[in-house]
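Contents: one structure, followed by commentary.
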Amino acid sequence: MSVVLAIETSCDETSVAVVKNGTEVLSNVVATQIDMHAVFGGVVPEVASRMHLEMLYPVLTQALEQAELSSDELDAVAATHGPGLIGALLIGVSSAKALSLAWDVPYIGVNHVEGHLFATFLERPELEPPLVVLLVAGGHTQIVHVKSLGNYEILGSTIDDAAGEAFDKVARYLGLGYPGGPIIDKLSIEGDREAIAFPRGLMNGSFDFSFSGMKTSVVNYVRKFPDAANADIAASFQEAVVDVLVKKTLAAATKVNANAVCIGGGVAANSRLRDRIAQDCSEAGLDYLVPSRAFCTDNAAMIAAAASWRLALDGADELDGGAYPSLALV
Ligand code: KG4
Ligand code: ZN
């Protein structure tokens with residue numbers, strides 16, 4: 001089929017990957033900026049753009065080296081063109097378009113969320129739609145019904161905070177640091193997940209999510225019991241979030257008769273979510289995929305996977321395409 005080099009710079013990870021035939025990862029280099037942003041307690045867009053500019057060339061060089069390929073062996077260059085931070089996206093898009101001209105290969109602009117969906121096929125290329133994919137990250141929380149490749153239906157999404165945002169806000173409130181997801185995940189190991197029965201939001205049969213009420217419950221609980229152990233609060237909060245994510249995803253999979261359940265996005269790196277998906281899907285007799293953590297968090301391999309498929313289906317994009325911060329999946 002093709003060898004695609006993809007660039008991902010939508011948020012705070014500078015990543016370049018080379019993928020053959022849509023699923024064979026020849027390299028996937030990720031330079032994270034987390035430490036740069038941690039001191040500010042969140043991603044600072046201007047800092048992100050500057051870091052992408054600084055890191056892109058070394059990351060690109062490393063990706064080609066690891067793939068043991070030279071630029072004349074590539075069939076296309078792709079970049080995430082949305083959604084994301086405008087300045088950060090523009091670094092990847094402009095670079096990919098320049099490389100497309102310099103190397104005389106087609107350019108493909110990729111939707112970041114479609115990239116997360118395609119991460120599934122990097123490890124299970126044989127999976128056939130219909131699939132139900134739970135996408136949980138800092139910026140998005142959605143249950144997506146992949147009816148066929150390119151044909152998606154959003155079954156549910158958050159009506160307030162994204163799941164990752166809720167983890168980050170609770171961690172900040174507890175004074176644990178940033179980003180909150182991995183910190184709460186680690187701290188929860190020492191805590192009792194049944195210590196506090198935080199409310200589960202919107203368990204009314206809909207596939208939408210609400211996390212801001214859970215966050216407020218944590219605040220109210222700490223006000224009432226200032227001496228409560230952070231580990232118990234973290235474990236109980238994580239359990240409430242995971243419980244809702246897993247129950248709704250499985251209900252959605254049953255409703256649309258999905259062949260398998262998959263997860264993606266930064267929060268899909270969460271240990272408890274990964275265990276519960278495996279456990280609950282096994283009990284329900286549903287096939288499932290819990291991808292490697294490296295393919296859950298932002299990476300360019302998933303962008304290359306989506307680009308290979310888009311190139312085969314729709315052909316290349318024009319070089320006058322831009323970056324689209326609010327690009328939707330459907
Ligand atoms: O997909 P991602 O890297 O970037 C976005 O597209 O947003 O996701 C980042 C989010 C952050 O909110 C972070 O706290 C959360 O994913 N996250 C986690 C874990 N690792 C990252 N949340 C819970 N448990 C984790 N282990
Ligand atoms: Zn993402």
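Residues are referred to by chain and number: the chain letter is A, B, ... according to the order shown in the structure tokens, the number counts from 1 in that chain, and ligands are numbered separately from 1 in the order shown.
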
Taking only C-alpha atoms and all ligand atoms into account, report as a VMD selection string which residues have an atom no farther than 8 Å from an atom of ligand 2.
-> chain A and resid 10 to 11 112 to 113 116 137 to 140 265 to 266 296 to 298

From the DSSP assignment of the backbone, select every residue of range 16-197 of chain A that is strand (DSSP E or B), and format the answer as a ChimeraX atom specification.
-> /A:16-20,24-32,76-82,107-111,131-136,141-148,151-158

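Nearest to ligand 1 of all the residues A:Glu13, A:Glu65, A:Asp227, A:Glu114 is A:Glu13, counting only C-alpha atoms and all ligand atoms.
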
For Gln142 in chain A, please output as a PyMOL selection string all residues within 7 Å (counting only C-alpha atoms; exclusion window: fewer than 3 positions along the same chain).
-> chain A and resi 134-136+154+156-158

List the neighbours of Gly84 in chain A out to 12 Å using only C-alpha atoms; skip same-chain residues closer than 3 positions along the sequence, and give me the result as a PyMOL selection string.
-> chain A and resi 8-13+43+45+48-49+80-81+87-93+110-113+138-140+298+323-328

Those selected residues, please, written with C-alpha atoms and delivered as a PDB file, in the first residue's frame.
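Saved as out_5.pdb:
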ATOM      1  CA  GLU A   8       1.142  15.252  15.542  1.00  0.00           C
ATOM      2  CA  THR A   9       1.369  18.629  17.305  1.00  0.00           C
ATOM      3  CA  SER A  10      -2.214  19.340  18.391  1.00  0.00           C
ATOM      4  CA  CYS A  11      -1.500  19.824  22.104  1.00  0.00           C
ATOM      5  CA  ASP A  12       1.588  19.217  24.231  1.00  0.00           C
ATOM      6  CA  GLU A  13       3.204  16.224  22.510  1.00  0.00           C
ATOM      7  CA  VAL A  43      -0.951  23.591  28.984  1.00  0.00           C
ATOM      8  CA  PRO A  45      -0.686  27.432  24.270  1.00  0.00           C
ATOM      9  CA  ALA A  48       3.351  24.608  23.367  1.00  0.00           C
ATOM     10  CA  SER A  49       3.796  26.237  19.931  1.00  0.00           C
ATOM     11  CA  THR A  80      -3.075  16.556  12.477  1.00  0.00           C
ATOM     12  CA  HIS A  81      -5.037  19.598  11.229  1.00  0.00           C
ATOM     13  CA  GLY A  87      -0.649  27.716  17.136  1.00  0.00           C
ATOM     14  CA  ALA A  88       0.419  24.165  17.930  1.00  0.00           C
ATOM     15  CA  LEU A  89      -1.547  22.711  14.997  1.00  0.00           C
ATOM     16  CA  LEU A  90      -0.065  25.257  12.587  1.00  0.00           C
ATOM     17  CA  ILE A  91       3.490  24.085  13.331  1.00  0.00           C
ATOM     18  CA  GLY A  92       2.652  20.515  12.257  1.00  0.00           C
ATOM     19  CA  VAL A  93       0.462  21.505   9.298  1.00  0.00           C
ATOM     20  CA  VAL A 110      -6.001  14.326   9.625  1.00  0.00           C
ATOM     21  CA  ASN A 111      -8.685  14.776  12.269  1.00  0.00           C
ATOM     22  CA  HIS A 112      -7.040  14.085  15.651  1.00  0.00           C
ATOM     23  CA  VAL A 113     -10.129  12.293  16.974  1.00  0.00           C
ATOM     24  CA  GLY A 138      -8.203  15.974  28.415  1.00  0.00           C
ATOM     25  CA  GLY A 139     -10.206  17.674  25.688  1.00  0.00           C
ATOM     26  CA  HIS A 140     -12.797  15.089  24.656  1.00  0.00           C
ATOM     27  CA  ASP A 298      -1.274  11.467  21.763  1.00  0.00           C
ATOM     28  CA  ALA A 323      -5.585  24.194  10.710  1.00  0.00           C
ATOM     29  CA  TYR A 324      -9.009  23.827  12.344  1.00  0.00           C
ATOM     30  CA  PRO A 325      -9.019  24.198  16.165  1.00  0.00           C
ATOM     31  CA  SER A 326     -12.666  23.113  16.592  1.00  0.00           C
ATOM     32  CA  LEU A 327     -12.833  20.420  13.917  1.00  0.00           C
ATOM     33  CA  ALA A 328     -15.602  17.910  14.690  1.00  0.00           C
TER      34      ALA A 328
END

Would you mind listing, for every residue of range 186-239 of chain A within 9 Å of range 163-168 of chain A, the two atoms forming the shortest contact and the distance between them in Å to one decimal, using only C-alpha atoms, sorted by chain and ascending residue number, as a Markdown table?
| residue | atom | partner | partner_atom | distance |
| --- | --- | --- | --- | --- |
| A:Phe209 | CA | A:Ala163 | CA | 8.7 |
| A:Ser210 | CA | A:Ala163 | CA | 8.8 |
| A:Phe211 | CA | A:Ala166 | CA | 6.4 |
| A:Ser212 | CA | A:Ala166 | CA | 7.1 |
| A:Met214 | CA | A:Ala166 | CA | 8.4 |
| A:Lys215 | CA | A:Ala166 | CA | 6.6 |
| A:Phe237 | CA | A:Phe167 | CA | 8.6 |
| A:Gln238 | CA | A:Phe167 | CA | 7.9 |

Looking at only C-alpha atoms and all ligand atoms, which of A:Pro125, A:Gly175, A:Pro106, A:Gly180 is the one that sits closest to ligand 1?
->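 Using only C-alpha atoms and all ligand atoms, the shortest distance to ligand 1 belongs to A:Gly180.
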
Residues near Tyr178 in chain A, cut-off 7 Å, only C-alpha atoms, skip fewer than 3 positions along chain, as number ranges by chain | A: 38, 41-42, 168, 172

Given the selection you just returned, output its residues as a file containing all heavy atoms, formatted as a compact mmCIF listing (two decimals), in the first residue's frame.
# COMPACT_ATOMS: atom_id res chain seq x y z
N ALA A 38 3.83 21.84 33.50
CA ALA A 38 3.44 21.46 34.87
C ALA A 38 3.58 22.63 35.83
O ALA A 38 2.73 22.83 36.71
CB ALA A 38 4.26 20.27 35.34
N GLY A 41 0.53 24.56 35.87
CA GLY A 41 -0.69 23.84 36.24
C GLY A 41 -1.60 23.52 35.06
O GLY A 41 -2.77 23.18 35.24
N GLY A 42 -1.10 23.61 33.85
CA GLY A 42 -1.90 23.29 32.66
C GLY A 42 -1.13 23.68 31.41
O GLY A 42 -0.07 24.31 31.51
N ASP A 168 -7.83 16.12 36.24
CA ASP A 168 -6.86 17.21 36.45
C ASP A 168 -7.37 18.21 37.49
O ASP A 168 -6.61 18.68 38.34
CB ASP A 168 -6.57 17.93 35.12
CG ASP A 168 -5.85 17.02 34.12
OD1 ASP A 168 -5.27 16.02 34.56
OD2 ASP A 168 -5.88 17.32 32.91
N ARG A 172 -5.79 18.99 41.16
CA ARG A 172 -5.37 20.36 41.49
C ARG A 172 -5.99 20.78 42.82
O ARG A 172 -5.33 21.35 43.67
CB ARG A 172 -5.76 21.33 40.37
CG ARG A 172 -5.17 22.71 40.56
CD ARG A 172 -5.53 23.66 39.44
NE ARG A 172 -5.31 23.10 38.12
CZ ARG A 172 -6.07 23.35 37.06
NH1 ARG A 172 -7.11 24.14 37.16
NH2 ARG A 172 -5.80 22.82 35.89

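Taking the backbone of this structure through DSSP, the residues of range 147-202 of chain A that come out as helix (DSSP H, G or I) are Ala163, Gly164, Glu165, Ala166, Phe167, Asp168, Lys169, Val170, Ala171, Arg172, Tyr173, Gly180, Gly181, Pro182, Ile183, Ile184, Asp185, Lys186, Leu187 and Ser188 of chain A.
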
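If you look at CA of Asn257 in chain A and CA of Gly115 in chain A, they are 23.2 Å away from each other.
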
Exercise: Glu24 in chain A partners within 12 Å, only C-alpha atoms, chain neighbours under 3 positions left out, as number ranges by chain = A: 1-5, 17-21, 27-28, 67, 119, 121-125, 301-302, 304-305, 308

Smallest atom-to-atom distance to ligand 1: which of A:Val246, A:Leu85, A:Leu149, A:Ala195, using only C-alpha atoms and all ligand atoms?
->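 Selected residue with least distance to ligand 1: A:Leu85.
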
Residue among A:Gly201, A:Pro130, A:Pro182, A:Gly109 lying closest to Thr254 in chain A, counting only C-alpha atoms |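 Among the listed residues, the smallest separation from Thr254 in chain A belongs to A:Pro130.
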
Nearby residues (only C-alpha atoms) at most 8 Å from Ala231 in chain A, same-chain spacing under 6 positions excluded, as a list in words |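 The neighbour list is Leu187, Ser188, Ile189, Glu190, Gly191 and Asp192 of chain A.
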
File dump, residues just selected, N, CA, C and O atoms, as a PDB file, in the first residue's frame:
ATOM      1  N   LEU A 187      -1.825   7.232  43.061  1.00  0.00           N
ATOM      2  CA  LEU A 187      -2.199   7.378  44.470  1.00  0.00           C
ATOM      3  C   LEU A 187      -3.328   6.411  44.845  1.00  0.00           C
ATOM      4  O   LEU A 187      -3.402   5.931  45.987  1.00  0.00           O
ATOM      5  N   SER A 188      -4.192   6.106  43.878  1.00  0.00           N
ATOM      6  CA  SER A 188      -5.356   5.246  44.142  1.00  0.00           C
ATOM      7  C   SER A 188      -4.953   3.843  44.568  1.00  0.00           C
ATOM      8  O   SER A 188      -5.717   3.156  45.250  1.00  0.00           O
ATOM      9  N   ILE A 189      -3.770   3.425  44.172  1.00  0.00           N
ATOM     10  CA  ILE A 189      -3.313   2.067  44.521  1.00  0.00           C
ATOM     11  C   ILE A 189      -3.266   1.912  46.041  1.00  0.00           C
ATOM     12  O   ILE A 189      -3.580   0.857  46.586  1.00  0.00           O
ATOM     13  N   GLU A 190      -2.926   3.019  46.741  1.00  0.00           N
ATOM     14  CA  GLU A 190      -2.825   2.957  48.210  1.00  0.00           C
ATOM     15  C   GLU A 190      -4.162   3.220  48.889  1.00  0.00           C
ATOM     16  O   GLU A 190      -4.274   3.132  50.106  1.00  0.00           O
ATOM     17  N   GLY A 191      -5.185   3.605  48.110  1.00  0.00           N
ATOM     18  CA  GLY A 191      -6.457   3.997  48.726  1.00  0.00           C
ATOM     19  C   GLY A 191      -7.527   2.921  48.639  1.00  0.00           C
ATOM     20  O   GLY A 191      -7.357   1.908  47.965  1.00  0.00           O
ATOM     21  N   ASP A 192      -8.652   3.194  49.319  1.00  0.00           N
ATOM     22  CA  ASP A 192      -9.791   2.272  49.309  1.00  0.00           C
ATOM     23  C   ASP A 192     -10.843   2.860  48.366  1.00  0.00           C
ATOM     24  O   ASP A 192     -11.406   3.911  48.648  1.00  0.00           O
TER      25      ASP A 192
END

Shortest interatomic distance to ligand 1 - which of A:Val144, A:Val244, A:Leu273, A:Leu69, counting only C-alpha atoms and all ligand atoms |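 Nearest to ligand 1: A:Leu273.
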
CA of Asp280 in chain A to CA of Leu250 in chain A: how many Å, to one decimal?
->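 Atom-to-atom, CA of Asp280 in chain A and CA of Leu250 in chain A are spaced 8.1 Å apart.
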